[in-house]
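Okay, structure first, notes after.
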Amino acid sequence: MEYRLSLPIGEEEIMKINAGDVLYINGTIVTARDEAHKKAIEMYDAGKTLPVDFSKVAVFHCGPIIKREGDEWQVVAAGPTTSSRMEIFEYDFIKRFHTCIIIGKGGMGEKTAKACKEFKAIYAAFTGGAAVLAANAIKKVKDVFWLDELGMPEALWVLEVENFGPLTVTIDAHGRNLTEEVKQKAREIAAKIEF
Amino acid sequence: MKEKIANEIANLLSKAVIDLPRDVEEALKKAMENEEGVAKAQLMAILKNVELARKQKKPMCQDTGTLTFFVKLGVNFPYRDIIKDAIIEGVRKATLQVPLRPNAVDVLTRKNSGDNTGRFVPPIHWELTDGDDCIITAMPKGGGSENMSTLRMLKPGVGLKGVKKFVLEWMVEAAGNPCPPTVVGVGIGGGADVSMELAKKALLRKVGQRHENKEIAKMEGELLEAINSTGIGAMGLGGRITVLDVHVEVAHRHPASLPVAIAVQCWADRRKSIRIDKEGKIWNID
């Protein structure tokens with residue numbers, strides 16, 4: 001199935017989506033990598049207010065190239081980064097912020113799949129490296145946080161997107177994890193190969 | 001002269017991150033024609049992105065990588081005293097001009113230097129050669145694929161079968177992480193340092209270019225077929241093509257050691273070279 005989603009979306013819509021479905025997204029997405037995940041969780045646990053309401057946006061594992069032109073930020077390239085690095089944070093992140101769409105590449109593991117099932121979220125993959133394709137779907141840089149402290153790749157870039165995709169859902173809220181299934185099968189095939 | 005070479009280095013980097021080598025693009029096209037479903041969709045997106053990058057003169061991937069250089073320096077090259085500074089200056093220029101993503105972080109303070117330079121960065125691999133010219137190859141190396149590098153000190157008793165098994169199993173575990181379809185460099189022998197250097201240098205070869213030693217060439221073919229038979233596919237979403245090619249390089253080893261290093265390059269297998277002659281003339285040599 002192919003879906004065009006306008007953010008924010010509710011639980012009902014998330015439950016309709018299955019692993020293997022293709023999505024195009026409209027609305028606000030926010031970039032967050034290792035450092036941003038860590039900082040957001042630490043701030044939440046310290047009772048501090050976060051600059052972004054992560055429940056209303058999709059979180060995008062991405063460290064973009066952005067340049068300043070006059071008063072505006074211009075996105076040069078913005079493909080996804082490897083999501084498995086965020087595996088150590090994602091359960092705690094989803095539990096605290098109730099983000100319902102995580103976007104990245106390469107797939108995520110058991111803990112993220114568990115969070116997606118428990119808190120009704122999905123993980124979807126954008127084609128890795130397709131940074132110009134992604135940048136073309138980003139219409140505006142709405143805001144940026146933590147830029148001085150974390151630097152360009154790790155900052156929270158708040159982006160307005162239109163038809164952002166195609167995204168392939170690999171983890172749904174029903175417990176399926178497509179990339180793990182592929183990997184498991186590959187392990188079985190590899191075990192039988194004799195050189 | 002330093003200024004001139006620095007400008008050429010900045011140009012070289014700009015071309016490297018914007019313009020994917022034709023051999024890689026051709027291999028991706030062939031892969032796309034042989035795939036279906038979700039894998040085909042991934043490859044179509046990649047190829048469209050490659051085209052857009054060229055058209056819009058933008059880096060094909062936001063991770064413009066660690067700007068890695070391989071320099072063949074002629075012992076009689078007249079500008080050998082300025083080449084290192086010119087490369088570093090070229091990196092700074094390119095970071096601003098293209099622009100490239102700043103990818104050099106201080107290990108202790110976690111501060112990003114902002115210009116892609118820092119302690120031992122950019123990495124430059126030097127090789128002294130006969131003659132009076134200098135060949136510089138730039139390989140912007142993304143972090144996602146670099147994280148799938150590894151080194152294993154195998155027991156010599158496992159032999160080449162054990163080496164192949166290790167490479168296969170490693171690439172299965174790497175799965176979608178290094179942005180497949182990838183190019184895999186394998187360095188065997190030589191010790192821990194030499195094997196990794198060889199694995200990296202193996203990535204400089206063109207896709208489809210076999211090792212001149214028939215036995216090594218055969219091993220490359222076997223590994224290519226074995227990894228692709230596992231069905232990891234483009235981006236780890238399942239499919240026939242997981243690797244575009246496997247390149248193996250070897251060195252003599254210590255009798256007690258069998259080092260095997262693996263370096264993985266994402267589909268954005270970016271590399272570009274220039275030659276500078278003794279008059280300071282600069283030639284593109286891809």
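Note on naming: chains are A, B, ... as they come in the structure tokens, residues start from 1 per chain, ligands start from 1 in the order shown.
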For this session: Write out as a PyMOL selection string each polymer residue whose atoms come within 9 Å of Pro99 (chain B), counting only C-alpha atoms; drop sequence neighbours fewer than 6 positions from it.
Result: (chain A and resi 65-67+76) or (chain B and resi 14+58-59+93)
Problem set entry | In chain A, DSSP alpha helix (DSSP H) residues written as a ChimeraX atom specification | /A:11-16,34-45,87-97,110-119,131-137,147-150,178-192
Seminar exercise, completed: Expressed in Å, the length from CA of Lys48 (chain B) to CA of Thr127 (chain A) is 11.2 Å
Problem set entry | Who sits within 12 Å of Asn213 (chain B), only C-alpha atoms, same chain under 3 positions skipped, as a list in words | Gln209, Arg210, Ile216, Ala217, Lys218, Met219, Glu220, His247, Val248, Glu249 and Val250 of chain B
With N, CA and C atoms retained, could you export that selection as a PDB file, in the first residue's frame?
ATOM      1  N   GLN B 209      36.803  -4.328 -12.288  1.00  0.00           N
ATOM      2  CA  GLN B 209      38.224  -4.550 -12.584  1.00  0.00           C
ATOM      3  C   GLN B 209      38.773  -5.648 -11.673  1.00  0.00           C
ATOM      4  N   ARG B 210      39.146  -6.772 -12.250  1.00  0.00           N
ATOM      5  CA  ARG B 210      39.629  -7.917 -11.482  1.00  0.00           C
ATOM      6  C   ARG B 210      41.117  -7.789 -11.186  1.00  0.00           C
ATOM      7  N   ILE B 216      43.509 -14.712  -7.142  1.00  0.00           N
ATOM      8  CA  ILE B 216      42.845 -13.650  -6.366  1.00  0.00           C
ATOM      9  C   ILE B 216      41.571 -13.197  -7.088  1.00  0.00           C
ATOM     10  N   ALA B 217      41.672 -13.091  -8.420  1.00  0.00           N
ATOM     11  CA  ALA B 217      40.504 -12.704  -9.218  1.00  0.00           C
ATOM     12  C   ALA B 217      39.361 -13.698  -9.012  1.00  0.00           C
ATOM     13  N   LYS B 218      39.727 -14.970  -8.920  1.00  0.00           N
ATOM     14  CA  LYS B 218      38.713 -16.015  -8.727  1.00  0.00           C
ATOM     15  C   LYS B 218      38.047 -15.846  -7.354  1.00  0.00           C
ATOM     16  N   MET B 219      38.868 -15.536  -6.364  1.00  0.00           N
ATOM     17  CA  MET B 219      38.336 -15.337  -5.010  1.00  0.00           C
ATOM     18  C   MET B 219      37.360 -14.161  -4.990  1.00  0.00           C
ATOM     19  N   GLU B 220      37.702 -13.102  -5.724  1.00  0.00           N
ATOM     20  CA  GLU B 220      36.820 -11.928  -5.797  1.00  0.00           C
ATOM     21  C   GLU B 220      35.452 -12.315  -6.371  1.00  0.00           C
ATOM     22  N   HIS B 247      36.888  -6.377  -4.139  1.00  0.00           N
ATOM     23  CA  HIS B 247      38.282  -6.268  -4.563  1.00  0.00           C
ATOM     24  C   HIS B 247      39.179  -6.782  -3.450  1.00  0.00           C
ATOM     25  N   VAL B 248      40.070  -7.695  -3.801  1.00  0.00           N
ATOM     26  CA  VAL B 248      40.965  -8.292  -2.799  1.00  0.00           C
ATOM     27  C   VAL B 248      42.406  -7.894  -3.105  1.00  0.00           C
ATOM     28  N   GLU B 249      43.144  -7.530  -2.076  1.00  0.00           N
ATOM     29  CA  GLU B 249      44.590  -7.291  -2.208  1.00  0.00           C
ATOM     30  C   GLU B 249      45.292  -8.127  -1.146  1.00  0.00           C
ATOM     31  N   VAL B 250      46.488  -8.580  -1.454  1.00  0.00           N
ATOM     32  CA  VAL B 250      47.201  -9.430  -0.493  1.00  0.00           C
ATOM     33  C   VAL B 250      48.632  -8.930  -0.247  1.00  0.00           C
TER      34      VAL B 250
END
Env of Trp146 (chain A): 9 Å cut, atoms = only C-alpha atoms, seq-sep filter 5 positions within chain, self excluded. Answer as a PDB file with all heavy atoms, in the first residue's frame.
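Okay, this is what ended up in selection.pdb:
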ATOM      1  N   ALA A  36      21.854  14.403  19.620  1.00  0.00           N
ATOM      2  CA  ALA A  36      20.551  15.029  19.878  1.00  0.00           C
ATOM      3  C   ALA A  36      19.639  14.078  20.661  1.00  0.00           C
ATOM      4  O   ALA A  36      18.909  14.512  21.561  1.00  0.00           O
ATOM      5  CB  ALA A  36      19.895  15.437  18.564  1.00  0.00           C
ATOM      6  N   GLY A 151      26.950  21.372  16.553  1.00  0.00           N
ATOM      7  CA  GLY A 151      27.484  21.457  15.191  1.00  0.00           C
ATOM      8  C   GLY A 151      26.435  21.087  14.153  1.00  0.00           C
ATOM      9  O   GLY A 151      25.372  20.544  14.484  1.00  0.00           O
ATOM     10  N   GLU A 154      24.766  17.419  13.858  1.00  0.00           N
ATOM     11  CA  GLU A 154      24.056  16.867  15.014  1.00  0.00           C
ATOM     12  C   GLU A 154      22.911  17.744  15.521  1.00  0.00           C
ATOM     13  O   GLU A 154      22.136  17.325  16.386  1.00  0.00           O
ATOM     14  CB  GLU A 154      25.045  16.618  16.168  1.00  0.00           C
ATOM     15  CG  GLU A 154      26.229  15.717  15.834  1.00  0.00           C
ATOM     16  CD  GLU A 154      25.873  14.237  15.776  1.00  0.00           C
ATOM     17  OE1 GLU A 154      24.875  13.827  16.379  1.00  0.00           O
ATOM     18  OE2 GLU A 154      26.607  13.504  15.095  1.00  0.00           O
ATOM     19  N   ALA A 155      22.795  18.961  15.006  1.00  0.00           N
ATOM     20  CA  ALA A 155      21.776  19.891  15.513  1.00  0.00           C
ATOM     21  C   ALA A 155      20.365  19.406  15.195  1.00  0.00           C
ATOM     22  O   ALA A 155      20.160  18.509  14.381  1.00  0.00           O
ATOM     23  CB  ALA A 155      21.998  21.271  14.886  1.00  0.00           C
ATOM     24  N   LEU A 156      19.367  20.009  15.858  1.00  0.00           N
ATOM     25  CA  LEU A 156      17.959  19.733  15.538  1.00  0.00           C
ATOM     26  C   LEU A 156      17.521  20.713  14.456  1.00  0.00           C
ATOM     27  O   LEU A 156      17.334  21.902  14.732  1.00  0.00           O
ATOM     28  CB  LEU A 156      17.065  19.965  16.771  1.00  0.00           C
ATOM     29  CG  LEU A 156      17.182  19.085  17.998  1.00  0.00           C
ATOM     30  CD1 LEU A 156      16.199  19.587  19.067  1.00  0.00           C
ATOM     31  CD2 LEU A 156      16.891  17.632  17.681  1.00  0.00           C
ATOM     32  N   TRP A 157      17.396  20.248  13.238  1.00  0.00           N
ATOM     33  CA  TRP A 157      16.919  21.096  12.141  1.00  0.00           C
ATOM     34  C   TRP A 157      15.426  20.823  11.957  1.00  0.00           C
ATOM     35  O   TRP A 157      15.025  19.677  11.747  1.00  0.00           O
ATOM     36  CB  TRP A 157      17.669  20.792  10.841  1.00  0.00           C
ATOM     37  CG  TRP A 157      19.123  21.170  10.883  1.00  0.00           C
ATOM     38  CD1 TRP A 157      20.171  20.351  11.186  1.00  0.00           C
ATOM     39  CD2 TRP A 157      19.687  22.455  10.620  1.00  0.00           C
ATOM     40  NE1 TRP A 157      21.357  21.051  11.133  1.00  0.00           N
ATOM     41  CE2 TRP A 157      21.094  22.354  10.786  1.00  0.00           C
ATOM     42  CE3 TRP A 157      19.150  23.703  10.264  1.00  0.00           C
ATOM     43  CZ2 TRP A 157      21.956  23.436  10.605  1.00  0.00           C
ATOM     44  CZ3 TRP A 157      20.010  24.779  10.075  1.00  0.00           C
ATOM     45  CH2 TRP A 157      21.394  24.640  10.246  1.00  0.00           C
TER      46      TRP A 157
END
For this session: Residues of chain B no more than 8 Å from chain A, counting only C-alpha atoms: send them over as an MDAnalysis selection string.
Result: chainID B and resid 42 45:46 48:50 52:53 58:63 99:102 111:112 114 144 161 164:165 168:169 172:173 175:179 226:227 229:232 235:238 268
Exercise. Skipping near chain neighbours, those fewer than 2 positions away, what residues fall within 10 Å of region 124-126 of chain B using only C-alpha atoms, listed as a list in words?
Worked result: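 Here the answer would be Leu67, Thr68, Phe69, Phe70, Val71, Lys72, Leu73, Lys84, Ile87, Ile88, Phe120, Val121, Pro122, Leu128, Thr129, Ile136, Thr137, Ala138, Glu197 and Lys201 of chain B.
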Mind dumping the selected residues with N, CA and C atoms as a PDB file, in the first residue's frame?
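Result went into selection36.pdb, see below:
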ATOM      1  N   LEU B  67      37.650  13.193   4.108  1.00  0.00           N
ATOM      2  CA  LEU B  67      38.253  13.438   2.798  1.00  0.00           C
ATOM      3  C   LEU B  67      39.628  12.778   2.769  1.00  0.00           C
ATOM      4  N   THR B  68      39.623  11.558   2.234  1.00  0.00           N
ATOM      5  CA  THR B  68      40.810  10.713   2.287  1.00  0.00           C
ATOM      6  C   THR B  68      41.609  10.869   1.001  1.00  0.00           C
ATOM      7  N   PHE B  69      42.913  11.019   1.146  1.00  0.00           N
ATOM      8  CA  PHE B  69      43.774  11.223  -0.033  1.00  0.00           C
ATOM      9  C   PHE B  69      44.801  10.107  -0.171  1.00  0.00           C
ATOM     10  N   PHE B  70      45.022   9.702  -1.403  1.00  0.00           N
ATOM     11  CA  PHE B  70      46.090   8.759  -1.726  1.00  0.00           C
ATOM     12  C   PHE B  70      47.030   9.484  -2.686  1.00  0.00           C
ATOM     13  N   VAL B  71      48.257   9.666  -2.255  1.00  0.00           N
ATOM     14  CA  VAL B  71      49.199  10.461  -3.058  1.00  0.00           C
ATOM     15  C   VAL B  71      50.372   9.593  -3.498  1.00  0.00           C
ATOM     16  N   LYS B  72      50.590   9.561  -4.821  1.00  0.00           N
ATOM     17  CA  LYS B  72      51.796   8.921  -5.354  1.00  0.00           C
ATOM     18  C   LYS B  72      52.753  10.054  -5.683  1.00  0.00           C
ATOM     19  N   LEU B  73      53.767  10.180  -4.851  1.00  0.00           N
ATOM     20  CA  LEU B  73      54.664  11.336  -4.947  1.00  0.00           C
ATOM     21  C   LEU B  73      55.986  10.926  -5.584  1.00  0.00           C
ATOM     22  N   LYS B  84      51.526  18.854   0.939  1.00  0.00           N
ATOM     23  CA  LYS B  84      50.689  18.544   2.107  1.00  0.00           C
ATOM     24  C   LYS B  84      49.861  19.765   2.534  1.00  0.00           C
ATOM     25  N   ILE B  87      47.059  20.427   0.074  1.00  0.00           N
ATOM     26  CA  ILE B  87      45.912  19.519   0.233  1.00  0.00           C
ATOM     27  C   ILE B  87      45.022  20.008   1.382  1.00  0.00           C
ATOM     28  N   ILE B  88      45.652  20.346   2.497  1.00  0.00           N
ATOM     29  CA  ILE B  88      44.877  20.794   3.669  1.00  0.00           C
ATOM     30  C   ILE B  88      44.123  22.091   3.347  1.00  0.00           C
ATOM     31  N   PHE B 120      45.536  14.749  12.377  1.00  0.00           N
ATOM     32  CA  PHE B 120      45.640  13.648  11.388  1.00  0.00           C
ATOM     33  C   PHE B 120      44.512  13.663  10.346  1.00  0.00           C
ATOM     34  N   VAL B 121      43.812  14.776  10.254  1.00  0.00           N
ATOM     35  CA  VAL B 121      42.712  14.887   9.296  1.00  0.00           C
ATOM     36  C   VAL B 121      42.916  16.138   8.445  1.00  0.00           C
ATOM     37  N   PRO B 122      42.804  16.063   7.114  1.00  0.00           N
ATOM     38  CA  PRO B 122      42.441  14.892   6.313  1.00  0.00           C
ATOM     39  C   PRO B 122      43.536  13.812   6.315  1.00  0.00           C
ATOM     40  N   LEU B 128      55.858   6.796  -2.171  1.00  0.00           N
ATOM     41  CA  LEU B 128      56.934   7.378  -2.985  1.00  0.00           C
ATOM     42  C   LEU B 128      57.069   6.584  -4.269  1.00  0.00           C
ATOM     43  N   THR B 129      57.169   7.296  -5.386  1.00  0.00           N
ATOM     44  CA  THR B 129      57.335   6.610  -6.660  1.00  0.00           C
ATOM     45  C   THR B 129      58.537   7.220  -7.395  1.00  0.00           C
ATOM     46  N   ILE B 136      47.327  12.537  -7.315  1.00  0.00           N
ATOM     47  CA  ILE B 136      46.527  12.669  -6.093  1.00  0.00           C
ATOM     48  C   ILE B 136      45.122  12.124  -6.350  1.00  0.00           C
ATOM     49  N   THR B 137      44.724  11.162  -5.529  1.00  0.00           N
ATOM     50  CA  THR B 137      43.364  10.636  -5.608  1.00  0.00           C
ATOM     51  C   THR B 137      42.615  11.034  -4.348  1.00  0.00           C
ATOM     52  N   ALA B 138      41.418  11.596  -4.548  1.00  0.00           N
ATOM     53  CA  ALA B 138      40.571  11.936  -3.404  1.00  0.00           C
ATOM     54  C   ALA B 138      39.466  10.902  -3.287  1.00  0.00           C
ATOM     55  N   GLU B 197      45.279  -1.055   5.257  1.00  0.00           N
ATOM     56  CA  GLU B 197      45.705  -0.148   4.188  1.00  0.00           C
ATOM     57  C   GLU B 197      45.363  -0.754   2.817  1.00  0.00           C
ATOM     58  N   LYS B 201      42.887   0.607  -0.091  1.00  0.00           N
ATOM     59  CA  LYS B 201      43.409   0.847  -1.442  1.00  0.00           C
ATOM     60  C   LYS B 201      42.664   0.015  -2.484  1.00  0.00           C
TER      61      LYS B 201
END
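You will find CA of Pro180 (chain B) at 29.7 Å from CA of Ser113 (chain B).
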Exercise. When distances are computed from only C-alpha atoms, which of A:Ala173, A:Leu23, A:Ile122, A:Val30 shows the smallest separation from Pro51 (chain A)?
Worked result: A:Val30
For this session: Quick one: everything within 10 Å of Pro156 (chain B), counting only C-alpha atoms, minus sequence neighbours fewer than 2 positions away in the same chain. Send it as a list of chain:residue names.
Result: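 Residues near the query, excluding close chain neighbours: B:Met153, B:Leu154, B:Val158, B:Gly159, B:Leu160, B:Gly162, B:Val163, B:Arg253, B:His254, B:Pro255, B:Ala256, B:Ser257, B:Leu258, B:Pro259.
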Resulting file, chosen residues, N, CA, C and O atoms, as a tab-separated table (two decimals), in the first residue's frame:
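Final file, part_34.tsv:
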chain	number	residue	atom	x	y	z
B	153	MET	N	42.09	-11.01	13.19
B	153	MET	CA	43.33	-11.76	13.10
B	153	MET	C	42.96	-13.25	13.14
B	153	MET	O	42.75	-13.81	14.21
B	154	LEU	N	42.83	-13.84	11.96
B	154	LEU	CA	42.39	-15.25	11.88
B	154	LEU	C	43.55	-16.18	12.20
B	154	LEU	O	44.72	-15.81	12.08
B	158	VAL	N	42.83	-21.81	9.37
B	158	VAL	CA	41.51	-21.78	8.70
B	158	VAL	C	41.66	-21.57	7.20
B	158	VAL	O	40.70	-21.81	6.44
B	159	GLY	N	42.82	-21.10	6.77
B	159	GLY	CA	43.12	-20.96	5.34
B	159	GLY	C	42.23	-19.97	4.62
B	159	GLY	O	41.49	-19.20	5.25
B	160	LEU	N	42.31	-20.00	3.29
B	160	LEU	CA	41.53	-19.04	2.50
B	160	LEU	C	40.03	-19.29	2.60
B	160	LEU	O	39.22	-18.37	2.45
B	162	GLY	N	38.52	-20.04	5.33
B	162	GLY	CA	38.15	-19.30	6.54
B	162	GLY	C	38.05	-17.80	6.27
B	162	GLY	O	37.18	-17.12	6.81
B	163	VAL	N	38.96	-17.32	5.41
B	163	VAL	CA	38.94	-15.90	5.05
B	163	VAL	C	37.63	-15.56	4.35
B	163	VAL	O	36.94	-14.59	4.69
B	253	ARG	N	52.43	-12.64	4.80
B	253	ARG	CA	52.04	-12.56	6.21
B	253	ARG	C	53.07	-13.23	7.11
B	253	ARG	O	53.90	-14.01	6.65
B	254	HIS	N	52.99	-12.94	8.38
B	254	HIS	CA	53.79	-13.62	9.40
B	254	HIS	C	53.27	-15.07	9.47
B	254	HIS	O	52.07	-15.29	9.35
B	255	PRO	N	54.16	-16.06	9.68
B	255	PRO	CA	53.68	-17.45	9.69
B	255	PRO	C	52.58	-17.69	10.73
B	255	PRO	O	51.72	-18.56	10.55
B	256	ALA	N	52.58	-16.92	11.81
B	256	ALA	CA	51.60	-17.14	12.88
B	256	ALA	C	50.32	-16.33	12.69
B	256	ALA	O	49.38	-16.49	13.45
B	257	SER	N	50.29	-15.45	11.68
B	257	SER	CA	49.14	-14.53	11.56
B	257	SER	C	48.44	-14.65	10.21
B	257	SER	O	49.08	-14.86	9.19
B	258	LEU	N	47.14	-14.46	10.24
B	258	LEU	CA	46.37	-14.33	9.00
B	258	LEU	C	45.40	-13.16	9.18
B	258	LEU	O	44.21	-13.34	9.46
B	259	PRO	N	45.92	-11.93	9.05
B	259	PRO	CA	45.03	-10.77	9.21
B	259	PRO	C	44.12	-10.62	8.00
B	259	PRO	O	44.57	-10.79	6.87
Exercise. Can you tell me, as JSON, numbers by chain, what residues are no more than 12 Å from Gly175 (chain A) when counting only C-alpha atoms, ignoring any on the same chain fewer than 3 positions away?
Worked result: {"A": [15, 17, 18, 19, 109, 110, 111, 112, 113, 114, 115, 116, 117, 118, 119, 120, 121, 122, 123, 170, 171, 172, 178, 180, 181]}
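Here CA of Asn103 (chain B) stands at a distance of 15.2 Å from CA of Gly90 (chain B).
Distances from B:Lys29, B:Asp130, B:Val91, B:Lys55 to Val75 (chain B) were compared using only C-alpha atoms, and the smallest one belongs to B:Asp130.
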Exercise. Which residue gives the smallest distance to Arg96 (chain A) among A:Glu13, A:Glu72, A:Asp45, A:Glu2, with only C-alpha atoms counted?
Worked result: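 Between A:Glu13, A:Glu72, A:Asp45, A:Glu2, the residue approaching Arg96 (chain A) most closely is A:Asp45.
Among the candidates B:Ala39, B:Ala94, B:Pro123, B:Lys281, the residue lying nearest to Thr242 (chain B) is B:Ala39 (atoms considered: only C-alpha atoms).
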Exercise. Out of region 4-114 of chain B, which residues get strand (DSSP E) from DSSP, as a ChimeraX atom specification?
Worked result: /B:66-74
